[in-house]
file upload-v8.pdb (PDB, C-alpha atoms)
ATOM      1  CA  MET A 192     101.867  73.682 128.400
ATOM      2  CA  GLY A 193     105.677  73.752 128.379
ATOM      3  CA  SER A 194     105.988  71.131 125.640
ATOM      4  CA  TYR A 195     103.338  72.925 123.555
ATOM      5  CA  LEU A 196     105.192  76.227 123.792
ATOM      6  CA  PHE A 197     108.450  74.514 122.897
ATOM      7  CA  ARG A 198     106.861  72.985 119.785
ATOM      8  CA  ARG A 199     105.351  76.296 118.761
ATOM      9  CA  LEU A 200     108.672  78.094 119.175
ATOM     10  CA  LEU A 201     110.390  75.452 117.063
ATOM     11  CA  ASN A 202     107.760  75.932 114.371
ATOM     12  CA  LEU A 203     108.450  79.661 114.354
ATOM     13  CA  ILE A 204     112.047  79.204 113.232
ATOM     14  CA  PRO A 205     111.387  77.950 109.652
ATOM     15  CA  ILE A 206     108.538  80.450 109.266
ATOM     16  CA  LEU A 207     110.758  83.399 110.202
ATOM     17  CA  ILE A 208     113.608  82.121 108.011
ATOM     18  CA  GLY A 209     111.195  81.776 105.085
ATOM     19  CA  ILE A 210     109.807  85.291 105.576
ATOM     20  CA  SER A 211     113.278  86.797 105.903
ATOM     21  CA  PHE A 212     114.458  85.004 102.758
ATOM     22  CA  LEU A 213     111.381  86.103 100.797
ATOM     23  CA  SER A 214     111.777  89.742 101.856
ATOM     24  CA  PHE A 215     115.483  89.635 100.967
ATOM     25  CA  VAL A 216     114.674  88.176  97.534
ATOM     26  CA  LEU A 217     111.967  90.750  96.802
ATOM     27  CA  ILE A 218     114.225  93.642  97.759
ATOM     28  CA  ASN A 219     117.013  92.283  95.565
ATOM     29  CA  LEU A 220     114.611  91.831  92.643
ATOM     30  CA  SER A 221     114.046  95.597  92.631
ATOM     31  CA  PRO A 222     115.075  97.156  89.306
ATOM     32  CA  SER A 223     117.082  99.778  91.200
ATOM     33  CA  ASP A 224     120.770  99.169  91.803
ATOM     34  CA  PRO A 225     121.329  99.524  95.583
ATOM     35  CA  ALA A 226     124.850 100.820  94.988
ATOM     36  CA  GLU A 227     123.597 103.504  92.600
ATOM     37  CA  VAL A 228     120.820 104.461  95.045
ATOM     38  CA  ALA A 229     123.348 104.767  97.893
ATOM     39  CA  VAL A 230     125.599 106.943  95.724
ATOM     40  CA  ARG A 231     122.876 109.226  94.325
ATOM     41  CA  VAL A 232     121.280 110.021  97.704
ATOM     42  CA  ASN A 233     124.661 111.414  98.786
ATOM     43  CA  GLU A 234     124.748 113.574  95.644
ATOM     44  CA  VAL A 235     127.803 111.829  94.214
ATOM     45  CA  THR A 236     128.229 111.183  90.494
ATOM     46  CA  PRO A 237     127.747 107.392  89.988
ATOM     47  CA  THR A 238     130.862 106.596  87.961
ATOM     48  CA  GLU A 239     131.931 102.980  87.450
ATOM     49  CA  GLU A 240     134.760 103.336  89.974
ATOM     50  CA  VAL A 241     132.477 104.831  92.619
ATOM     51  CA  LEU A 242     129.815 102.148  92.016
ATOM     52  CA  ALA A 243     132.393  99.353  92.269
ATOM     53  CA  GLU A 244     133.728 100.806  95.531
ATOM     54  CA  THR A 245     130.195 101.164  96.928
ATOM     55  CA  ARG A 246     129.254  97.586  95.957
ATOM     56  CA  ALA A 247     132.349  96.299  97.748
ATOM     57  CA  LYS A 248     131.537  98.415 100.813
ATOM     58  CA  LEU A 249     127.927  97.138 100.934
ATOM     59  CA  GLY A 250     128.929  93.555 100.163
ATOM     60  CA  LEU A 251     126.948  93.570  96.909
ATOM     61  CA  ASP A 252     129.832  91.985  95.009
ATOM     62  CA  LYS A 253     129.354  88.701  96.900
ATOM     63  CA  PRO A 254     127.072  85.798  95.816
ATOM     64  CA  PHE A 255     123.376  86.124  96.648
ATOM     65  CA  LEU A 256     123.209  83.345  99.260
ATOM     66  CA  THR A 257     126.342  84.622 100.954
ATOM     67  CA  ARG A 258     124.807  88.096 101.215
ATOM     68  CA  TYR A 259     121.593  86.635 102.636
ATOM     69  CA  VAL A 260     123.383  84.574 105.293
ATOM     70  CA  VAL A 261     125.529  87.554 106.305
ATOM     71  CA  TRP A 262     122.477  89.844 106.467
ATOM     72  CA  LEU A 263     120.443  87.319 108.488
ATOM     73  CA  ASN A 264     123.292  86.700 110.923
ATOM     74  CA  ASN A 265     123.841  90.430 111.398
ATOM     75  CA  SER A 266     120.102  91.000 111.850
ATOM     76  CA  LEU A 267     119.924  88.359 114.568
ATOM     77  CA  HIS A 268     122.590  90.357 116.402
ATOM     78  CA  GLY A 269     120.679  93.607 115.953
ATOM     79  CA  ASP A 270     122.796  94.929 113.088
ATOM     80  CA  PHE A 271     120.503  95.863 110.182
ATOM     81  CA  GLY A 272     123.193  97.855 108.400
ATOM     82  CA  ASN A 273     123.294 101.588 107.740
ATOM     83  CA  ARG A 274     120.824 103.842 105.970
ATOM     84  CA  TYR A 275     121.688 104.940 102.466
ATOM     85  CA  VAL A 276     120.434 108.482 103.122
ATOM     86  CA  ASP A 277     122.711 109.498 105.997
ATOM     87  CA  ASP A 278     124.782 106.362 106.732
ATOM     88  CA  LYS A 279     123.299 106.125 110.236
ATOM     89  CA  PRO A 280     122.662 102.672 111.794
ATOM     90  CA  VAL A 281     119.172 101.415 110.933
ATOM     91  CA  LEU A 282     118.670  99.983 114.425
ATOM     92  CA  GLY A 283     119.231 103.385 116.022
ATOM     93  CA  GLU A 284     116.635 105.009 113.764
ATOM     94  CA  ILE A 285     114.115 102.255 114.515
ATOM     95  CA  GLN A 286     114.729 102.592 118.251
ATOM     96  CA  LYS A 287     114.015 106.318 118.025
ATOM     97  CA  ALA A 288     110.828 105.848 115.965
ATOM     98  CA  LEU A 289     109.356 102.761 117.648
ATOM     99  CA  PRO A 290     108.228 104.414 120.947
ATOM    100  CA  ALA A 291     106.068 106.902 119.032
ATOM    101  CA  THR A 292     104.388 104.050 117.147
ATOM    102  CA  LEU A 293     103.792 102.125 120.371
ATOM    103  CA  VAL A 294     102.201 105.219 121.964
ATOM    104  CA  LEU A 295      99.904 105.622 118.964
ATOM    105  CA  ALA A 296      99.025 101.916 118.772
ATOM    106  CA  GLY A 297      98.448 101.748 122.548
ATOM    107  CA  ALA A 298      96.093 104.730 122.481
ATOM    108  CA  ALA A 299      94.217 103.251 119.514
ATOM    109  CA  LEU A 300      93.960  99.883 121.289
ATOM    110  CA  CYS A 301      92.497 101.506 124.419
ATOM    111  CA  LEU A 302      89.940 103.376 122.315
ATOM    112  CA  THR A 303      89.071 100.153 120.491
ATOM    113  CA  LEU A 304      88.542  98.220 123.718
ATOM    114  CA  VAL A 305      86.426 100.874 125.442
ATOM    115  CA  CYS A 306      84.277 101.852 122.453
ATOM    116  CA  SER A 307      83.731  98.398 120.937
ATOM    117  CA  LEU A 308      82.905  96.823 124.305
ATOM    118  CA  SER A 309      80.442  99.565 125.205
ATOM    119  CA  ALA A 310      78.781  99.681 121.784
ATOM    120  CA  GLY A 311      78.687  95.895 121.376
ATOM    121  CA  ILE A 312      77.082  95.327 124.777
ATOM    122  CA  VAL A 313      74.493  98.070 124.220
ATOM    123  CA  CYS A 314      73.593  96.690 120.774
ATOM    124  CA  ALA A 315      73.199  93.154 122.136
ATOM    125  CA  LEU A 316      71.106  94.184 125.155
ATOM    126  CA  TYR A 317      68.840  96.429 123.068
ATOM    127  CA  GLU A 318      68.763  94.237 119.986
ATOM    128  CA  GLY A 319      66.384  95.461 117.293
ATOM    129  CA  THR A 320      65.729  98.848 118.897
ATOM    130  CA  PHE A 321      66.412 102.266 117.360
ATOM    131  CA  LEU A 322      69.610 102.553 119.441
ATOM    132  CA  ASP A 323      70.860  99.230 118.059
ATOM    133  CA  ARG A 324      70.159 100.311 114.472
ATOM    134  CA  LEU A 325      71.783 103.713 115.061
ATOM    135  CA  ILE A 326      75.009 102.193 116.413
ATOM    136  CA  ARG A 327      75.100  99.600 113.631
ATOM    137  CA  GLY A 328      74.739 102.429 111.099
ATOM    138  CA  GLY A 329      77.777 104.126 112.611
ATOM    139  CA  VAL A 330      79.620 100.807 112.558
ATOM    140  CA  PHE A 331      78.846 100.422 108.866
ATOM    141  CA  LEU A 332      80.279 103.884 108.161
ATOM    142  CA  GLY A 333      83.387 103.087 110.206
ATOM    143  CA  THR A 334      83.951  99.893 108.238
ATOM    144  CA  ALA A 335      83.409 101.495 104.826
ATOM    145  CA  MET A 336      85.417 104.690 105.423
ATOM    146  CA  PRO A 337      89.100 104.518 104.366
ATOM    147  CA  SER A 338      91.469 105.520 107.144
ATOM    148  CA  PHE A 339      93.216 108.203 105.084
ATOM    149  CA  TRP A 340      89.879 109.863 104.267
ATOM    150  CA  ALA A 341      88.716 109.675 107.883
ATOM    151  CA  GLY A 342      92.025 111.161 109.027
ATOM    152  CA  LEU A 343      91.786 114.106 106.637
ATOM    153  CA  LEU A 344      88.147 114.707 107.619
ATOM    154  CA  LEU A 345      88.942 114.661 111.351
ATOM    155  CA  MET A 346      91.949 116.913 110.809
ATOM    156  CA  TRP A 347      89.873 119.464 108.899
ATOM    157  CA  LEU A 348      87.035 119.409 111.438
ATOM    158  CA  PHE A 349      88.840 119.387 114.798
ATOM    159  CA  ALA A 350      92.259 120.865 113.955
ATOM    160  CA  VAL A 351      91.542 123.355 111.165
ATOM    161  CA  LYS A 352      87.927 124.477 111.615
ATOM    162  CA  PHE A 353      87.635 124.391 115.430
ATOM    163  CA  ASP A 354      91.378 124.486 116.285
ATOM    164  CA  LEU A 355      90.940 122.075 119.201
ATOM    165  CA  VAL A 356      93.985 119.841 118.641
ATOM    166  CA  PRO A 357      97.289 120.088 116.733
ATOM    167  CA  THR A 358      97.195 119.201 113.050
ATOM    168  CA  SER A 359     100.384 117.140 113.025
ATOM    169  CA  GLY A 360     103.463 116.063 114.923
ATOM    170  CA  MET A 361     103.942 114.616 118.395
ATOM    171  CA  ASP A 362     103.538 117.526 120.773
ATOM    172  CA  GLY A 363     101.793 116.639 124.015
ATOM    173  CA  PRO A 364      98.889 114.311 124.847
ATOM    174  CA  SER A 365      96.379 116.165 122.679
ATOM    175  CA  SER A 366      98.399 115.481 119.535
ATOM    176  CA  VAL A 367      97.780 111.726 119.812
ATOM    177  CA  LEU A 368      93.991 112.070 119.853
ATOM    178  CA  LEU A 369      93.238 112.460 116.131
ATOM    179  CA  PRO A 370      95.764 109.827 114.930
ATOM    180  CA  ALA A 371      94.515 107.332 117.540
ATOM    181  CA  VAL A 372      90.860 107.881 116.621
ATOM    182  CA  THR A 373      91.665 107.550 112.913
ATOM    183  CA  LEU A 374      93.620 104.338 113.481
ATOM    184  CA  SER A 375      90.983 102.776 115.730
ATOM    185  CA  LEU A 376      87.830 103.520 113.692
ATOM    186  CA  ALA A 377      87.915 100.366 111.567
ATOM    187  CA  TYR A 378      88.801  98.177 114.571
ATOM    188  CA  ILE A 379      86.010  99.666 116.691
ATOM    189  CA  ALA A 380      83.526  98.871 113.915
ATOM    190  CA  THR A 381      84.833  95.306 113.501
ATOM    191  CA  TYR A 382      84.851  94.386 117.185
ATOM    192  CA  THR A 383      81.541  96.066 117.935
ATOM    193  CA  ARG A 384      79.915  93.726 115.409
ATOM    194  CA  LEU A 385      81.846  90.737 116.769
ATOM    195  CA  ILE A 386      80.932  91.386 120.423
ATOM    196  CA  ARG A 387      77.307  92.051 119.502
ATOM    197  CA  ALA A 388      77.060  88.826 117.480
ATOM    198  CA  ASN A 389      78.719  86.753 120.217
ATOM    199  CA  MET A 390      76.475  88.159 122.943
ATOM    200  CA  ILE A 391      73.310  87.605 120.906
ATOM    201  CA  GLN A 392      74.399  84.036 120.250
ATOM    202  CA  ASN A 393      75.120  83.457 123.939
ATOM    203  CA  LYS A 394      71.734  84.948 124.798
ATOM    204  CA  GLN A 395      70.113  81.913 123.158
ATOM    205  CA  GLU A 396      72.251  79.322 124.968
ATOM    206  CA  ASN A 397      70.667  76.938 127.443
ATOM    207  CA  TYR A 398      72.679  78.162 130.429
ATOM    208  CA  ILE A 399      71.267  81.695 129.967
ATOM    209  CA  LEU A 400      67.708  80.392 129.658
ATOM    210  CA  TYR A 401      68.257  78.256 132.760
ATOM    211  CA  ALA A 402      69.662  81.256 134.671
ATOM    212  CA  ARG A 403      66.571  83.294 133.815
ATOM    213  CA  VAL A 404      64.282  80.463 134.905
ATOM    214  CA  ARG A 405      66.109  80.355 138.231
ATOM    215  CA  GLY A 406      65.482  84.064 138.629
ATOM    216  CA  LEU A 407      69.082  85.290 138.608
ATOM    217  CA  PRO A 408      69.464  89.098 138.416
ATOM    218  CA  GLU A 409      69.792  90.469 134.885
ATOM    219  CA  ARG A 410      73.126  92.038 135.770
ATOM    220  CA  SER A 411      74.542  88.647 136.735
ATOM    221  CA  ILE A 412      73.215  87.074 133.515
ATOM    222  CA  THR A 413      74.780  89.869 131.439
ATOM    223  CA  ARG A 414      78.102  89.319 133.203
ATOM    224  CA  HIS A 415      78.074  85.601 132.293
ATOM    225  CA  MET A 416      77.144  86.401 128.696
ATOM    226  CA  LEU A 417      79.919  88.955 128.445
ATOM    227  CA  LYS A 418      82.540  86.619 129.881
ATOM    228  CA  ASN A 419      81.798  83.904 127.322
ATOM    229  CA  SER A 420      81.473  86.411 124.488
ATOM    230  CA  LEU A 421      84.854  87.974 125.227
ATOM    231  CA  GLN A 422      86.763  84.738 124.660
ATOM    232  CA  ALA A 423      86.524  84.880 120.872
ATOM    233  CA  SER A 424      86.677  88.680 120.817
ATOM    234  CA  LEU A 425      89.892  88.953 122.848
ATOM    235  CA  THR A 426      91.524  86.261 120.728
ATOM    236  CA  ALA A 427      90.661  88.162 117.557
ATOM    237  CA  LEU A 428      91.792  91.445 119.108
ATOM    238  CA  GLY A 429      95.121  89.918 120.120
ATOM    239  CA  MET A 430      95.701  88.733 116.557
ATOM    240  CA  SER A 431      94.881  92.242 115.298
ATOM    241  CA  LEU A 432      97.479  93.933 117.507
ATOM    242  CA  PRO A 433     100.372  93.392 115.044
ATOM    243  CA  LYS A 434      98.139  94.673 112.231
ATOM    244  CA  LEU A 435      97.409  97.711 114.368
ATOM    245  CA  ILE A 436     101.130  98.445 114.693
ATOM    246  CA  ALA A 437     101.988  97.571 111.089
ATOM    247  CA  GLY A 438      99.056  99.598 109.780
ATOM    248  CA  THR A 439     100.169 102.856 111.367
ATOM    249  CA  PHE A 440     102.141 103.954 108.304
ATOM    250  CA  VAL A 441      99.093 105.557 106.632
ATOM    251  CA  VAL A 442      98.014 107.440 109.756
ATOM    252  CA  GLU A 443     101.576 108.441 110.614
ATOM    253  CA  SER A 444     102.038 109.842 107.114
ATOM    254  CA  ILE A 445      98.821 111.889 107.314
ATOM    255  CA  PHE A 446      99.557 113.381 110.743
ATOM    256  CA  ALA A 447     103.374 113.551 110.376
ATOM    257  CA  TRP A 448     103.667 111.243 113.369
ATOM    258  CA  PRO A 449     107.363 110.354 113.899
ATOM    259  CA  GLY A 450     106.872 106.590 114.128
ATOM    260  CA  ILE A 451     108.272 103.491 112.487
ATOM    261  CA  GLY A 452     105.539 103.450 109.828
ATOM    262  CA  ARG A 453     106.464 106.918 108.595
ATOM    263  CA  LEU A 454     110.127 105.891 108.710
ATOM    264  CA  CYS A 455     109.323 102.980 106.391
ATOM    265  CA  VAL A 456     107.289 105.159 103.997
ATOM    266  CA  THR A 457     110.190 107.624 103.784
ATOM    267  CA  ALA A 458     112.562 104.715 103.155
ATOM    268  CA  ILE A 459     110.349 103.437 100.321
ATOM    269  CA  PHE A 460     110.379 106.855  98.622
ATOM    270  CA  ASN A 461     114.165 107.082  99.052
ATOM    271  CA  ARG A 462     114.632 103.412  98.104
ATOM    272  CA  ASP A 463     116.497 102.950 101.380
ATOM    273  CA  PHE A 464     116.574  99.148 101.234
ATOM    274  CA  PRO A 465     118.201  98.371 104.635
ATOM    275  CA  VAL A 466     115.374 100.210 106.450
ATOM    276  CA  ILE A 467     112.690  98.400 104.411
ATOM    277  CA  GLN A 468     114.253  94.980 105.080
ATOM    278  CA  ALA A 469     114.502  95.691 108.806
ATOM    279  CA  TYR A 470     110.870  96.858 108.938
ATOM    280  CA  VAL A 471     109.593  93.738 107.157
ATOM    281  CA  LEU A 472     111.610  91.438 109.424
ATOM    282  CA  ILE A 473     110.487  93.170 112.645
ATOM    283  CA  MET A 474     106.828  93.093 111.577
ATOM    284  CA  ALA A 475     107.112  89.393 110.673
ATOM    285  CA  VAL A 476     108.543  88.563 114.105
ATOM    286  CA  LEU A 477     105.776  90.597 115.726
ATOM    287  CA  PHE A 478     103.067  88.729 113.798
ATOM    288  CA  VAL A 479     104.287  85.195 114.497
ATOM    289  CA  VAL A 480     105.116  85.837 118.171
ATOM    290  CA  SER A 481     101.708  87.421 118.721
ATOM    291  CA  ASN A 482     100.030  84.250 117.431
ATOM    292  CA  VAL A 483     101.725  82.245 120.192
ATOM    293  CA  LEU A 484     100.754  84.819 122.829
ATOM    294  CA  VAL A 485      97.148  84.765 121.609
ATOM    295  CA  ASP A 486      97.058  80.976 121.995
ATOM    296  CA  ILE A 487      98.286  81.311 125.584
ATOM    297  CA  LEU A 488      95.700  84.016 126.294
ATOM    298  CA  SER A 489      92.932  81.871 124.818
ATOM    299  CA  ALA A 490      93.922  78.973 127.057
ATOM    300  CA  ALA A 491      93.960  81.230 130.111
ATOM    301  CA  ILE A 492      90.435  82.459 129.330
ATOM    302  CA  ASP A 493      88.871  79.179 128.163
ATOM    303  CA  PRO A 494      89.614  76.119 130.371
ATOM    304  CA  ARG A 495      88.498  73.798 127.550
ATOM    305  CA  LEU A 496      91.498  74.801 125.462
ATOM    306  CA  ARG A 497      93.977  73.925 128.223
ATOM    307  CA  LYS A 498      93.302  70.231 127.636
ATOM    308  CA  GLU A 499      94.818  70.555 124.171
ATOM    309  CA  PHE A 500      98.163  71.747 125.557
TER
END

call {"tool": "encode", "arguments": {"input": "upload-v8.pdb", "output": "structure tokens"}}
result
Amino acid sequence: MGSYLFRRLLNLIPILIGISFLSFVLINLSPSDPAEVAVRVNEVTPTEEVLAETRAKLGLDKPFLTRYVVWLNNSLHGDFGNRYVDDKPVLGEIQKALPATLVLAGAALCLTLVCSLSAGIVCALYEGTFLDRLIRGGVFLGTAMPSFWAGLLLMWLFAVKFDLVPTSGMDGPSSVLLPAVTLSLAYIATYTRLIRANMIQNKQENYILYARVRGLPERSITRHMLKNSLQASLTALGMSLPKLIAGTFVVESIFAWPGIGRLCVTAIFNRDFPVIQAYVLIMAVLFVVSNVLVDILSAAIDPRLRKEF
């Protein structure tokens, strides 16, 4: 296990360097001049002298590779530069916004686990019945409905029409309900189908047929089916966790949730390149590290995979 983890961590290094280089290239290919953007957001006339001074201050007068190496080295030490909008450190703004995103993603993950497990098990146990078809119809709607449309619909229904929860912002536990439901809808639909399919497949396996022949209680048989079905489902859910966090920017924009996704959207509108670069790099690290953690989780659940380590 130790040697496997060491190899995986070594493999992460070139991947992260490649992603960081690609994001740096794409940002620098933008038609906007970063120096001019930094000057205009502070309502200063972009004369040639001011632009030259700003380029020197931001290090834009140096060769491309030199700028990349300096930026990567600073990023590894937690220095993502300063925002163009207010000249505040990017890391400080991310640290303030990240807890709100983690609260939202955590609430959405809990909803996904509870709802998809319950619905998937019910569908598998009552396969082909009206209840199964009804839940699958709801799953189809959850898959087809865009998150921004679902968010606006939920906001109108529960916040505007019935005034049960706040419409926006982060103000108490009730304010997280609508954003979390909106964020989790597509994941609930996906994992309900996955759990249902895995349980139906396991229902046909020989060990289940043998258990029924031996007269084991149905509850015990269901428990064995669920345990084997959860192996693939938990692996897939673990790989979706970074997407859950990275995908909050739409929901955070709709509900004015003060998270890192909304921070990135605001930075895109303001062409605040240091914030965008930091966001891309943090999300890339989150994705690749989560893949390693999912492999470890899969090995802990499935003893057959431990032999490969």

call {"tool": "closest_residue", "arguments": {"input": "upload-v8.pdb", "among": "A:Tyr382, A:Thr439, A:Asp252, A:Leu400", "to": "Thr303 of chain A", "atoms": "only C-alpha atoms"}}
result
A:Tyr382

call {"tool": "closest_residue", "arguments": {"input": "upload-v8.pdb", "among": "A:Ala437, A:Ile391, A:Leu217, A:Leu425", "to": "Tyr470 of chain A", "atoms": "all atoms listed in the file"}}
result
A:Ala437

call {"tool": "residues_around", "arguments": {"input": "upload-v8.pdb", "residues": "segment 356-359 of chain A", "least_positions_apart": "2", "cutoff": "6 Å", "atoms": "all atoms listed in the file", "output": "list in words"}}
result
Ala350, Asp354, Ser365, Ser366, Phe446 and Ala447 of chain A

call {"tool": "atom_distance", "arguments": {"input": "upload-v8.pdb", "atom1": "atom CA of Pro465 of chain A", "atom2": "atom CA of Asp270 of chain A"}}
result
10.2 Å

call {"tool": "atom_distance", "arguments": {"input": "upload-v8.pdb", "atom1": "atom CA of Leu454 of chain A", "atom2": "atom CA of Ile467 of chain A"}}
result
9.0 Å

call {"tool": "resolve_selection", "arguments": {"input": "upload-v8.pdb", "expression": "the PyMOL selection byres ((chain A and resi 372) around 12)", "output": "ChimeraX atom specification"}}
result
/A:295-303,306,333,338-339,341-346,349,365-371,373-380,439,442,446

call {"tool": "closest_residue", "arguments": {"input": "upload-v8.pdb", "among": "A:Asn233, A:Asn273, A:Thr292, A:Asn393", "to": "Phe464 of chain A", "atoms": "all atoms listed in the file"}}
result
A:Asn273

call {"tool": "closest_residue", "arguments": {"input": "upload-v8.pdb", "among": "A:Thr383, A:Leu477, A:Tyr401, A:Leu263", "to": "Val305 of chain A", "atoms": "only C-alpha atoms"}}
result
A:Thr383

call {"tool": "residues_around", "arguments": {"input": "upload-v8.pdb", "residues": "Val456 of chain A", "least_positions_apart": "6", "cutoff": "10 Å", "atoms": "all atoms listed in the file", "output": "MDAnalysis selection string"}}
result
chainID A and resid 440:441 443:444 462:463 466:467

call {"tool": "resolve_selection", "arguments": {"input": "upload-v8.pdb", "expression": "the PyMOL selection byres ((chain A and resi 286-289) around 8)", "output": "ChimeraX atom specification"}}
result
/A:282-285,290-293,449-451,454

call {"tool": "closest_residue", "arguments": {"input": "upload-v8.pdb", "among": "A:Arg414, A:Ser266, A:Leu200, A:Val294", "to": "Asn482 of chain A", "atoms": "all atoms listed in the file"}}
result
A:Leu200

call {"tool": "build_atoms", "arguments": {"input": "upload-v8.pdb", "residues": "segment 442-460 of chain A", "atoms": "N, CA and C atoms", "output": "JSON list (two decimals), in the coordinates of the input"}}
result
[["chain", "number", "residue", "atom", "x", "y", "z"],
["A", 442, "VAL", "N", 98.39, 106.40, 108.79],
["A", 442, "VAL", "CA", 98.01, 107.44, 109.76],
["A", 442, "VAL", "C", 99.23, 108.30, 110.10],
["A", 443, "GLU", "N", 100.37, 107.67, 110.28],
["A", 443, "GLU", "CA", 101.58, 108.44, 110.61],
["A", 443, "GLU", "C", 101.97, 109.38, 109.48],
["A", 444, "SER", "N", 101.73, 108.97, 108.25],
["A", 444, "SER", "CA", 102.04, 109.84, 107.11],
["A", 444, "SER", "C", 101.09, 111.04, 107.06],
["A", 445, "ILE", "N", 99.81, 110.80, 107.36],
["A", 445, "ILE", "CA", 98.82, 111.89, 107.31],
["A", 445, "ILE", "C", 99.11, 112.94, 108.39],
["A", 446, "PHE", "N", 99.39, 112.46, 109.61],
["A", 446, "PHE", "CA", 99.56, 113.38, 110.74],
["A", 446, "PHE", "C", 101.02, 113.68, 111.06],
["A", 447, "ALA", "N", 101.94, 113.31, 110.16],
["A", 447, "ALA", "CA", 103.37, 113.55, 110.38],
["A", 447, "ALA", "C", 103.82, 113.04, 111.74],
["A", 448, "TRP", "N", 103.33, 111.85, 112.08],
["A", 448, "TRP", "CA", 103.67, 111.24, 113.37],
["A", 448, "TRP", "C", 105.03, 110.54, 113.23],
["A", 449, "PRO", "N", 105.99, 110.85, 114.09],
["A", 449, "PRO", "CA", 107.36, 110.35, 113.90],
["A", 449, "PRO", "C", 107.56, 108.91, 114.35],
["A", 450, "GLY", "N", 106.81, 107.99, 113.74],
["A", 450, "GLY", "CA", 106.87, 106.59, 114.13],
["A", 450, "GLY", "C", 107.57, 105.73, 113.09],
["A", 451, "ILE", "N", 107.56, 104.42, 113.35],
["A", 451, "ILE", "CA", 108.27, 103.49, 112.49],
["A", 451, "ILE", "C", 107.58, 103.34, 111.13],
["A", 452, "GLY", "N", 106.25, 103.52, 111.10],
["A", 452, "GLY", "CA", 105.54, 103.45, 109.83],
["A", 452, "GLY", "C", 105.95, 104.57, 108.89],
["A", 453, "ARG", "N", 106.02, 105.78, 109.42],
["A", 453, "ARG", "CA", 106.46, 106.92, 108.60],
["A", 453, "ARG", "C", 107.91, 106.74, 108.17],
["A", 454, "LEU", "N", 108.73, 106.17, 109.06],
["A", 454, "LEU", "CA", 110.13, 105.89, 108.71],
["A", 454, "LEU", "C", 110.20, 104.95, 107.52],
["A", 455, "CYS", "N", 109.33, 103.94, 107.49],
["A", 455, "CYS", "CA", 109.32, 102.98, 106.39],
["A", 455, "CYS", "C", 108.84, 103.63, 105.09],
["A", 456, "VAL", "N", 107.80, 104.47, 105.19],
["A", 456, "VAL", "CA", 107.29, 105.16, 104.00],
["A", 456, "VAL", "C", 108.37, 106.05, 103.40],
["A", 457, "THR", "N", 109.09, 106.78, 104.26],
["A", 457, "THR", "CA", 110.19, 107.62, 103.78],
["A", 457, "THR", "C", 111.28, 106.78, 103.13],
["A", 458, "ALA", "N", 111.54, 105.61, 103.72],
["A", 458, "ALA", "CA", 112.56, 104.72, 103.16],
["A", 458, "ALA", "C", 112.13, 104.19, 101.79],
["A", 459, "ILE", "N", 110.84, 103.91, 101.61],
["A", 459, "ILE", "CA", 110.35, 103.44, 100.32],
["A", 459, "ILE", "C", 110.54, 104.51, 99.26],
["A", 460, "PHE", "N", 110.21, 105.76, 99.59],
["A", 460, "PHE", "CA", 110.38, 106.86, 98.62],
["A", 460, "PHE", "C", 111.85, 107.07, 98.28]]
